[in-house]
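Chemist: Below is the structure I would like to discuss, written out as structure tokens.
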Amino acid sequence: MRAGLPGYDEYTGSPAYDADYPLANREIALVDLLDRLLSDGVVLTGDITLAIADVDLVHISLRALISSVKADMPSPWGGRGRGPFDMIGGG
Amino acid sequence: MTPASYAYAVTRGLKPEQVAGVRGVDGTEVHLVAHRDLVAVVGAVPLEEYDADALKAKLERIEWLEAIARAHHGVVDAVGTHGATLPLRMATVYRSDERVAEVLRDGYDRFTAALDDLDGRVEWGVKLYVEPPPPEPAAPPSATGKDYLRRRRDARRSREDVWRRAAEFGHRVDAALAELAVDTRHHRPQNPQLSGARGENVLNAAYLVDAAGARDFAERARSADGAVPGIRVEVTGPWAPYSFAVPADPEAVR
């Protein structure tokens, strides 16, 4: 057993999720969440978001992130111009 | 107040009682909109607060962005405990539940195929950080310009070594995990100023894994942590398959 690894022992590997596995209650880093919520998920053209281009949706949210951290950040992600993983990053 | 419908996720065969008490944005209870066996999980929101201008304003404020993101995720997670779930992009808002039903009807084949692909699978996140060694203590003044240049060159090479080793290790980890996974997706590396994480995030990947092998996968990923000095591996999940939700063709669901 690997005690201390959050959620590890509770996870049973049953199809999809185990109902007893309280994912929603775990502390999830906002930045990990936004990786998924902003850049992924099925992109449907909502009646409302029709007026907000996808790219806008990402950018306006990122402005919130940028202004939430102090100082002079050129871009919210990709702290380094080119990291060793750019070749596997797929863009 | 004009009501609008905020859509969180699409799934199949979900019963209303299974989402009883599940609350989404603004703490509003969610309900279901069905078309045949497809079900969209929807919450009523005031249109005035979720139209384009209001959304823009909300999403530009970190506290709102976070509240909406966490509420959205909470619903997706709750729905995900019951079966294959397609998370929708944050802030997908329709004028009415009828419009949501229309979207399900028009995209029926696409949603069904995507749900089939994700059935019985979960997403794991794996992040790899490089923590370069601390800079050399200030050297005594160089005896000669040649010494100085050599020291600078050595320091640069040592930094490059760290990165090269990290890159090699990361490729090996990524390749090994990808082999255990059904699919792989690379997110952009996270800025440490946002994540608050130590070191530099050089790999930010998501893997779609069969639930039966999910435990092994996580164990394998975690075993990479500490395997190489200066490199840290963090595993998050299991997630609903956000990173693998197939983008529906906007033309087909408009």
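The way I read the labels, and the way they are meant: chains A, B, ... in the order of the structure tokens, residue 1 as the first residue of every chain, and ligand 1 as the first ligand shown, with later ones counted on from there.
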What residues in chain B have any atom no more than 6 Å from chain A when counting only C-alpha atoms, and can you write them as a compact mmCIF listing (two decimals) with C-alpha atoms, in the first residue's frame?
Modeler:
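Saved result, result_35.txt, follows:
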# COMPACT_ATOMS: atom_id res chain seq x y z
CA ASP B 51 -24.98 36.30 -21.66
CA ALA B 52 -21.86 37.06 -23.61
CA LEU B 59 -14.47 34.94 -16.47
CA GLU B 60 -12.09 37.83 -16.18
CA ARG B 61 -12.40 37.82 -12.42
CA ILE B 62 -10.41 35.11 -10.77
CA GLY B 74 -18.18 19.19 -9.43
CA THR B 81 -19.51 8.28 -11.11
CA GLY B 83 -20.90 6.07 -16.34
CA PRO B 87 -17.61 16.98 -20.19
CA LEU B 88 -18.68 20.06 -22.09
CA ARG B 89 -16.50 23.09 -22.33
CA MET B 90 -16.89 25.53 -19.49
CA THR B 92 -21.68 26.36 -22.66
CA VAL B 93 -24.98 28.18 -22.34
CA TYR B 94 -28.21 27.77 -24.33
CA GLY B 120 -14.93 2.34 -18.93
CA ARG B 121 -11.96 4.66 -19.26
CA VAL B 122 -10.49 7.32 -17.04
CA ALA B 167 14.23 15.62 -21.55
CA HIS B 186 -0.05 16.92 -24.07
CA PRO B 189 3.44 23.24 -19.52
CA GLN B 190 2.15 25.22 -16.58
CA ASN B 191 3.68 28.44 -15.47
CA SER B 195 0.69 26.60 -10.23
CA VAL B 202 8.33 20.36 -18.71
CA ALA B 211 -10.36 1.48 -15.79
CA ALA B 212 -9.18 -2.08 -15.25
CA ALA B 214 -6.01 2.42 -13.89
CA ARG B 215 -4.41 1.44 -10.62
CA TYR B 242 -11.80 16.05 -20.28
CA SER B 243 -8.72 15.84 -22.43
CA ALA B 245 -13.71 14.49 -25.24
CA VAL B 246 -14.01 14.52 -29.00
CA PRO B 247 -14.80 17.98 -30.28
CA PRO B 250 -19.95 22.96 -34.46
Chemist: In Å, how far is it from CA of Asp117 (chain B) to CA of Pro241 (chain B)?
Modeler: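 Calculated distance between CA of Asp117 (chain B) and CA of Pro241 (chain B) is 10.4 Å.
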Chemist: List every residue of region 44-194 of chain B that DSSP, applied to the backbone of this structure, assigns to helix (DSSP H, G or I), and report them as a PyMOL selection string.
Modeler: chain B and resi 47-50+52-59+62-80+97-106+108-118+145-180+192-194
Chemist: Leaving out Val76 (chain B) and any residue of its chain fewer than 3 positions from it, which residues lie within 7 Å of it when counting only C-alpha atoms, given as a PyMOL selection string?
Modeler: chain B and resi 8-9+72-73+79-80+87
Chemist: Restricting it to N, CA and C atoms, dump the selection as a JSON list (two decimals), in the first residue's frame.
Modeler:
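Result file follows (out-v9.json):
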[["chain", "number", "residue", "atom", "x", "y", "z"],
["B", 8, "TYR", "N", -23.54, 21.12, -18.65],
["B", 8, "TYR", "CA", -22.29, 20.66, -18.05],
["B", 8, "TYR", "C", -21.68, 19.46, -18.77],
["B", 9, "ALA", "N", -22.53, 18.52, -19.10],
["B", 9, "ALA", "CA", -22.00, 17.24, -19.59],
["B", 9, "ALA", "C", -23.08, 16.49, -20.34],
["B", 72, "HIS", "N", -18.49, 23.63, -12.23],
["B", 72, "HIS", "CA", -18.59, 22.85, -13.46],
["B", 72, "HIS", "C", -17.98, 21.46, -13.25],
["B", 73, "HIS", "N", -16.79, 21.48, -12.67],
["B", 73, "HIS", "CA", -16.09, 20.22, -12.44],
["B", 73, "HIS", "C", -16.85, 19.34, -11.45],
["B", 79, "VAL", "N", -21.53, 13.31, -12.17],
["B", 79, "VAL", "CA", -22.13, 12.57, -13.27],
["B", 79, "VAL", "C", -21.21, 11.40, -13.66],
["B", 80, "GLY", "N", -19.91, 11.65, -13.62],
["B", 80, "GLY", "CA", -18.94, 10.64, -14.02],
["B", 80, "GLY", "C", -18.94, 9.38, -13.16],
["B", 87, "PRO", "N", -17.55, 15.64, -20.78],
["B", 87, "PRO", "CA", -17.61, 16.98, -20.19],
["B", 87, "PRO", "C", -17.72, 18.02, -21.30]]
Chemist: Among region 5-130 of chain B, which ones does DSSP place in strand (DSSP E or B), written as a ChimeraX atom specification?
Modeler: /B:5-12,23,29-35,38-46,85-94,121-130
Chemist: Using only C-alpha atoms, please write the residues we just selected to a file, as a PDB file, in the first residue's frame.
Modeler:
ATOM      1  CA  SER B   5     -29.609  26.605 -19.679  1.00  0.00           C
ATOM      2  CA  TYR B   6     -26.021  26.024 -18.646  1.00  0.00           C
ATOM      3  CA  ALA B   7     -24.951  22.597 -19.960  1.00  0.00           C
ATOM      4  CA  TYR B   8     -22.288  20.659 -18.054  1.00  0.00           C
ATOM      5  CA  ALA B   9     -22.005  17.243 -19.589  1.00  0.00           C
ATOM      6  CA  VAL B  10     -23.546  14.659 -21.862  1.00  0.00           C
ATOM      7  CA  THR B  11     -23.986  11.086 -20.755  1.00  0.00           C
ATOM      8  CA  ARG B  12     -26.340   8.136 -21.230  1.00  0.00           C
ATOM      9  CA  ARG B  23     -25.475  21.677  -7.545  1.00  0.00           C
ATOM     10  CA  GLU B  29     -29.495  22.255  -8.623  1.00  0.00           C
ATOM     11  CA  VAL B  30     -28.998  20.526 -11.937  1.00  0.00           C
ATOM     12  CA  HIS B  31     -31.620  18.662 -13.922  1.00  0.00           C
ATOM     13  CA  LEU B  32     -31.620  16.419 -16.968  1.00  0.00           C
ATOM     14  CA  VAL B  33     -32.552  17.043 -20.569  1.00  0.00           C
ATOM     15  CA  ALA B  34     -32.947  13.835 -22.547  1.00  0.00           C
ATOM     16  CA  HIS B  35     -33.072  12.809 -26.164  1.00  0.00           C
ATOM     17  CA  LEU B  38     -28.649  10.631 -24.359  1.00  0.00           C
ATOM     18  CA  VAL B  39     -28.871  12.895 -21.360  1.00  0.00           C
ATOM     19  CA  ALA B  40     -27.514  16.403 -20.930  1.00  0.00           C
ATOM     20  CA  VAL B  41     -26.936  17.611 -17.394  1.00  0.00           C
ATOM     21  CA  VAL B  42     -28.155  21.186 -17.246  1.00  0.00           C
ATOM     22  CA  GLY B  43     -28.628  23.944 -14.710  1.00  0.00           C
ATOM     23  CA  ALA B  44     -30.973  26.909 -14.971  1.00  0.00           C
ATOM     24  CA  VAL B  45     -29.120  30.217 -14.839  1.00  0.00           C
ATOM     25  CA  PRO B  46     -30.345  33.779 -15.304  1.00  0.00           C
ATOM     26  CA  THR B  85     -19.368  11.174 -19.436  1.00  0.00           C
ATOM     27  CA  LEU B  86     -18.541  13.789 -22.019  1.00  0.00           C
ATOM     28  CA  PRO B  87     -17.615  16.977 -20.189  1.00  0.00           C
ATOM     29  CA  LEU B  88     -18.676  20.055 -22.089  1.00  0.00           C
ATOM     30  CA  ARG B  89     -16.497  23.088 -22.332  1.00  0.00           C
ATOM     31  CA  MET B  90     -16.891  25.531 -19.487  1.00  0.00           C
ATOM     32  CA  ALA B  91     -19.630  28.144 -20.005  1.00  0.00           C
ATOM     33  CA  THR B  92     -21.679  26.362 -22.657  1.00  0.00           C
ATOM     34  CA  VAL B  93     -24.983  28.184 -22.345  1.00  0.00           C
ATOM     35  CA  TYR B  94     -28.213  27.766 -24.327  1.00  0.00           C
ATOM     36  CA  ARG B 121     -11.957   4.659 -19.256  1.00  0.00           C
ATOM     37  CA  VAL B 122     -10.492   7.323 -17.040  1.00  0.00           C
ATOM     38  CA  GLU B 123      -7.976  10.102 -17.475  1.00  0.00           C
ATOM     39  CA  TRP B 124      -4.793  10.494 -15.456  1.00  0.00           C
ATOM     40  CA  GLY B 125      -2.715  13.615 -15.437  1.00  0.00           C
ATOM     41  CA  VAL B 126       1.050  13.357 -15.187  1.00  0.00           C
ATOM     42  CA  LYS B 127       3.301  16.361 -14.733  1.00  0.00           C
ATOM     43  CA  LEU B 128       7.047  16.318 -14.755  1.00  0.00           C
ATOM     44  CA  TYR B 129       9.092  19.077 -13.174  1.00  0.00           C
ATOM     45  CA  VAL B 130      12.767  19.832 -13.452  1.00  0.00           C
TER      46      VAL B 130
END
Chemist: For CA of Tyr50 (chain B) and CA of Thr28 (chain B), determine how far apart the two atoms are, in Å to one decimal place.
Modeler: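 Taking CA of Tyr50 (chain B) and CA of Thr28 (chain B), their separation equals 13.6 Å.
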Chemist: Tell me which protein, DNA and RNA residues are within 9 Å of Tyr108 (chain B), counting only C-alpha atoms, leaving out same-chain ones fewer than 4 positions away, and put them as an NGL selection string.
Modeler: :B and (35-36 or 38 or 103-104 or 112-113)
Chemist: For CA of Glu63 (chain B) and CA of Val22 (chain B), quote the distance in Å rounded to one decimal.
Modeler: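 Distance between the two atoms: 21.1 Å.
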